[in-house]
Every structure is written in structure tokens, then in C-alpha cells.
Amino acid sequence: MDRRRAAIMLRTLTHFNEAHCLHLAYPVTVYNIVKILVQHEYNDEEFKEDLLYTVYHIAVHEANSWVLCENTMLILFLINGLEHGEPDTIRKICASTIRELSYVRDNQEKLGQSGAVKAFIGVLKRRDSLIQNDAAKYLLYLCETPKNTERILVEGGVELLYEWILSKELVVEVVKLLVKITENALVCLRWRNTNDIRLLFSALKDDDCVKVTKLDFLDCLINV
């Protein structure tokens, strides 16, 4: 019960209070919170949720991002929670925390190397309705680092985006991601080899396709 109260207090103290978040962003504090999360010494999902929210609140402030991302154990825990988290709230918090960390350019390579790109591609493949919109947006942040663009290619992301556009779901988010990754020559080659340039032209002819999205399709064609 004491641990439960402490977890609630940490969550409350860090909720939109930058001073508290900065104070708690010491490596040893982060390590201790993550250690409790990883060891699974509890069966209380609310306790786990409180601790994860505390980490998320700390991550919201950019100055803390490098401290959190230095903790490999935390990154792996967040990615695992994103892929297998139950209940749904856990997956959502893990995804949001990875997003906050990915805003910082220096963190993007480590996140991609640790499996964040693969995890978000997995969300799109599974069509996880809870976080699939987020997954497409967060991949866009990670793709500011060229190596993560190549990871999307390796994970079959080009073909996957083709499927999403064909199904006319998440078109806005997916096409913005496509614009970014087609800046990579290898991705352009894969796109050409799968003969999916036709898809870009068919979208441009689609009367239901909004003007902004058509402009994004044109950017894809220019890149290709």
C-alpha cells in the first residue's frame, strides 16, 4: 500500500510541473523507477500505470530526454509495452513516451536501433486501432534520422504503406511519412521496383482526395 501511495504521489508531483520533473530526472531516480517496472514485483496494473505516467511526465520536458534515453532498459521496456502492453492504456502511454523521446534528434538513432521503428511498423501491420494513427506520426519523427528510414525499408514499410493507401485509411498520415522516406534513394528504388508509381497517379486522379494530400503525392513523385 505504501508503494502504491508513493507511485500516486510521484505521478501527481510530475503532472505538468516542470520543476518537479527536472528534479526527478536524475539517472539514479530514473534507474530506480525503471528497475521496479522491469522486475514485475507487483500485480497491480494501476501501480504500473502510475509509474509509466511519471516517466512520461518527465519525458515531456526536452531537457530530460537524454537522461531517459541513456537508460537502455527503459527504452526496451517501452518498446515491449508498445508491442505487448495490456491493458490498452499501457500501450498508449508507452507510445506517447517514445514520441516525446523521438523529438530530440540525438535520441532517434538509439530508439531505432533498439527496435522502435520495427515496433511502430508492427502496429501498422497489426492494424492496432488504438495507436495506428500515432504509429504513422511517430515514425515520421524517427525518420529525421536516415538510418531509421532504411530500417523502415528493411521491415517492409514501403509495401505496407502501399497497402494502407490502397485501403484509403490513414492516407494523410501515411503519405506524409511516404514523402519523408522517399527522400532516401533506396526507398525510391524499392518503390519503383514494386511498380507502385501507378498508385500515386491514381490518387492524384481521385476527386475525393483533398488538395493538401495531392500535394504530398506530388512531392513523392518528385522524390521518386
# chains A, B, ... in the order shown; residues from 1 in each chain; ligands from 1

$ residues_around --residues "A:Lys176" --least-positions-apart "4" --cutoff "8 Å" --atoms "only C-alpha atoms" --output "list in words"
Leu140, Val172, Lys180 and Asp216 of chain A

$ residues_around --residues "stretch 14-21 of chain A" --least-positions-apart "5" --cutoff "12 Å" --atoms "only C-alpha atoms" --output "NGL selection string"
:A and (7-9 or 26 or 29-30 or 50-65 or 67-68)

$ residues_around --residues "A:Arg91" --least-positions-apart "2" --cutoff "12 Å" --atoms "only C-alpha atoms" --output "PDB file with N, CA and C atoms, in the first residue's frame"
ATOM      1  N   LYS A  48       1.571   0.131 -12.016  1.00  0.00           N
ATOM      2  CA  LYS A  48       2.417   0.203 -13.213  1.00  0.00           C
ATOM      3  C   LYS A  48       2.069   1.431 -14.045  1.00  0.00           C
ATOM      4  N   GLU A  49       0.791   1.697 -14.181  1.00  0.00           N
ATOM      5  CA  GLU A  49       0.335   2.845 -14.964  1.00  0.00           C
ATOM      6  C   GLU A  49       0.813   4.155 -14.341  1.00  0.00           C
ATOM      7  N   LEU A  52       4.511   4.587 -15.089  1.00  0.00           N
ATOM      8  CA  LEU A  52       4.716   4.915 -16.502  1.00  0.00           C
ATOM      9  C   LEU A  52       4.320   6.362 -16.800  1.00  0.00           C
ATOM     10  N   TYR A  53       3.233   6.821 -16.179  1.00  0.00           N
ATOM     11  CA  TYR A  53       2.836   8.216 -16.359  1.00  0.00           C
ATOM     12  C   TYR A  53       3.893   9.164 -15.792  1.00  0.00           C
ATOM     13  N   PHE A  77      11.883  -1.538 -22.329  1.00  0.00           N
ATOM     14  CA  PHE A  77      10.615  -1.728 -21.620  1.00  0.00           C
ATOM     15  C   PHE A  77       9.479  -1.012 -22.344  1.00  0.00           C
ATOM     16  N   LEU A  78       9.731   0.205 -22.800  1.00  0.00           N
ATOM     17  CA  LEU A  78       8.705   0.969 -23.515  1.00  0.00           C
ATOM     18  C   LEU A  78       8.320   0.294 -24.826  1.00  0.00           C
ATOM     19  N   ILE A  79       9.321  -0.216 -25.545  1.00  0.00           N
ATOM     20  CA  ILE A  79       9.050  -0.893 -26.816  1.00  0.00           C
ATOM     21  C   ILE A  79       8.258  -2.174 -26.583  1.00  0.00           C
ATOM     22  N   ASN A  80       8.625  -2.909 -25.532  1.00  0.00           N
ATOM     23  CA  ASN A  80       7.892  -4.131 -25.206  1.00  0.00           C
ATOM     24  C   ASN A  80       6.454  -3.797 -24.812  1.00  0.00           C
ATOM     25  N   GLY A  81       6.277  -2.703 -24.059  1.00  0.00           N
ATOM     26  CA  GLY A  81       4.934  -2.281 -23.665  1.00  0.00           C
ATOM     27  C   GLY A  81       4.108  -1.853 -24.856  1.00  0.00           C
ATOM     28  N   LEU A  82       4.766  -1.218 -25.822  1.00  0.00           N
ATOM     29  CA  LEU A  82       4.101  -0.802 -27.051  1.00  0.00           C
ATOM     30  C   LEU A  82       3.596  -2.016 -27.829  1.00  0.00           C
ATOM     31  N   GLU A  83       4.393  -3.082 -27.848  1.00  0.00           N
ATOM     32  CA  GLU A  83       4.039  -4.279 -28.626  1.00  0.00           C
ATOM     33  C   GLU A  83       3.083  -5.208 -27.894  1.00  0.00           C
ATOM     34  N   HIS A  84       3.263  -5.329 -26.579  1.00  0.00           N
ATOM     35  CA  HIS A  84       2.519  -6.360 -25.850  1.00  0.00           C
ATOM     36  C   HIS A  84       1.745  -5.830 -24.641  1.00  0.00           C
ATOM     37  N   GLY A  85       1.728  -4.499 -24.463  1.00  0.00           N
ATOM     38  CA  GLY A  85       1.139  -3.930 -23.255  1.00  0.00           C
ATOM     39  C   GLY A  85      -0.336  -4.208 -23.092  1.00  0.00           C
ATOM     40  N   GLU A  86      -0.705  -4.573 -21.897  1.00  0.00           N
ATOM     41  CA  GLU A  86      -2.104  -4.741 -21.514  1.00  0.00           C
ATOM     42  C   GLU A  86      -2.277  -4.074 -20.149  1.00  0.00           C
ATOM     43  N   PRO A  87      -3.325  -3.354 -19.900  1.00  0.00           N
ATOM     44  CA  PRO A  87      -4.424  -3.048 -20.824  1.00  0.00           C
ATOM     45  C   PRO A  87      -4.014  -2.033 -21.882  1.00  0.00           C
ATOM     46  N   ASP A  88      -4.982  -1.547 -22.645  1.00  0.00           N
ATOM     47  CA  ASP A  88      -4.701  -0.625 -23.742  1.00  0.00           C
ATOM     48  C   ASP A  88      -3.980   0.640 -23.292  1.00  0.00           C
ATOM     49  N   THR A  89      -4.295   1.081 -22.067  1.00  0.00           N
ATOM     50  CA  THR A  89      -3.692   2.316 -21.560  1.00  0.00           C
ATOM     51  C   THR A  89      -2.174   2.233 -21.555  1.00  0.00           C
ATOM     52  N   ILE A  93       0.476   4.847 -23.337  1.00  0.00           N
ATOM     53  CA  ILE A  93       1.488   5.622 -22.598  1.00  0.00           C
ATOM     54  C   ILE A  93       2.875   5.342 -23.152  1.00  0.00           C
ATOM     55  N   CYS A  94       3.169   4.064 -23.426  1.00  0.00           N
ATOM     56  CA  CYS A  94       4.485   3.697 -23.958  1.00  0.00           C
ATOM     57  C   CYS A  94       4.729   4.375 -25.304  1.00  0.00           C
ATOM     58  N   ALA A  95       3.712   4.381 -26.165  1.00  0.00           N
ATOM     59  CA  ALA A  95       3.838   5.025 -27.473  1.00  0.00           C
ATOM     60  C   ALA A  95       4.077   6.523 -27.317  1.00  0.00           C
ATOM     61  N   SER A  96       3.352   7.156 -26.414  1.00  0.00           N
ATOM     62  CA  SER A  96       3.480   8.600 -26.213  1.00  0.00           C
ATOM     63  C   SER A  96       4.845   8.969 -25.646  1.00  0.00           C
ATOM     64  N   THR A  97       5.373   8.124 -24.769  1.00  0.00           N
ATOM     65  CA  THR A  97       6.699   8.396 -24.180  1.00  0.00           C
ATOM     66  C   THR A  97       7.789   8.272 -25.237  1.00  0.00           C
ATOM     67  N   ILE A  98       7.685   7.251 -26.092  1.00  0.00           N
ATOM     68  CA  ILE A  98       8.654   7.108 -27.187  1.00  0.00           C
ATOM     69  C   ILE A  98       8.582   8.317 -28.112  1.00  0.00           C
ATOM     70  N   ALA A 119       8.816  -1.742 -34.018  1.00  0.00           N
ATOM     71  CA  ALA A 119       7.607  -1.834 -33.199  1.00  0.00           C
ATOM     72  C   ALA A 119       6.461  -1.035 -33.819  1.00  0.00           C
ATOM     73  N   PHE A 120       6.736   0.179 -34.296  1.00  0.00           N
ATOM     74  CA  PHE A 120       5.680   1.002 -34.902  1.00  0.00           C
ATOM     75  C   PHE A 120       5.212   0.413 -36.236  1.00  0.00           C
ATOM     76  N   VAL A 123       2.807  -2.211 -35.365  1.00  0.00           N
ATOM     77  CA  VAL A 123       1.486  -1.654 -35.032  1.00  0.00           C
ATOM     78  C   VAL A 123       0.666  -1.464 -36.302  1.00  0.00           C
ATOM     79  N   ASP A 128      -3.528  -2.033 -35.339  1.00  0.00           N
ATOM     80  CA  ASP A 128      -3.915  -1.796 -33.954  1.00  0.00           C
ATOM     81  C   ASP A 128      -4.662  -0.465 -33.897  1.00  0.00           C
ATOM     82  N   SER A 129      -5.977  -0.526 -33.861  1.00  0.00           N
ATOM     83  CA  SER A 129      -6.802   0.675 -34.000  1.00  0.00           C
ATOM     84  C   SER A 129      -6.531   1.719 -32.918  1.00  0.00           C
ATOM     85  N   LEU A 130      -6.058   1.293 -31.750  1.00  0.00           N
ATOM     86  CA  LEU A 130      -5.820   2.219 -30.652  1.00  0.00           C
ATOM     87  C   LEU A 130      -4.679   3.186 -30.962  1.00  0.00           C
ATOM     88  N   ILE A 131      -3.610   2.690 -31.575  1.00  0.00           N
ATOM     89  CA  ILE A 131      -2.422   3.545 -31.752  1.00  0.00           C
ATOM     90  C   ILE A 131      -1.890   3.569 -33.188  1.00  0.00           C
ATOM     91  N   GLN A 132      -2.656   3.066 -34.166  1.00  0.00           N
ATOM     92  CA  GLN A 132      -2.124   3.039 -35.536  1.00  0.00           C
ATOM     93  C   GLN A 132      -1.944   4.460 -36.103  1.00  0.00           C
ATOM     94  N   ASP A 134      -1.182   7.089 -34.334  1.00  0.00           N
ATOM     95  CA  ASP A 134       0.018   7.578 -33.664  1.00  0.00           C
ATOM     96  C   ASP A 134       1.277   6.968 -34.268  1.00  0.00           C
ATOM     97  N   ALA A 135       1.216   5.677 -34.589  1.00  0.00           N
ATOM     98  CA  ALA A 135       2.396   4.981 -35.118  1.00  0.00           C
ATOM     99  C   ALA A 135       2.905   5.644 -36.392  1.00  0.00           C
TER     100      ALA A 135
END

$ residues_around --residues "stretch 208-211 of chain A" --least-positions-apart "5" --cutoff "12 Å" --atoms "only C-alpha atoms" --output "list in words"
Ile165, Lys168, Glu169, Val171, Val172, Val175, Leu200, Phe201, Ser202, Ala203, Asp216, Phe217 and Leu218 of chain A

$ closest_residue --among "A:Leu22, A:Val104, A:Arg99, A:Trp164" --to "A:Leu124" --atoms "only C-alpha atoms"
A:Trp164

$ closest_residue --among "A:Asn133, A:Asn32, A:Thr12, A:Ser102" --to "A:Leu177" --atoms "only C-alpha atoms"
A:Asn133

$ atom_distance --atom1 "atom CA of A:Val34" --atom2 "atom CA of A:Leu74"
5.9 Å
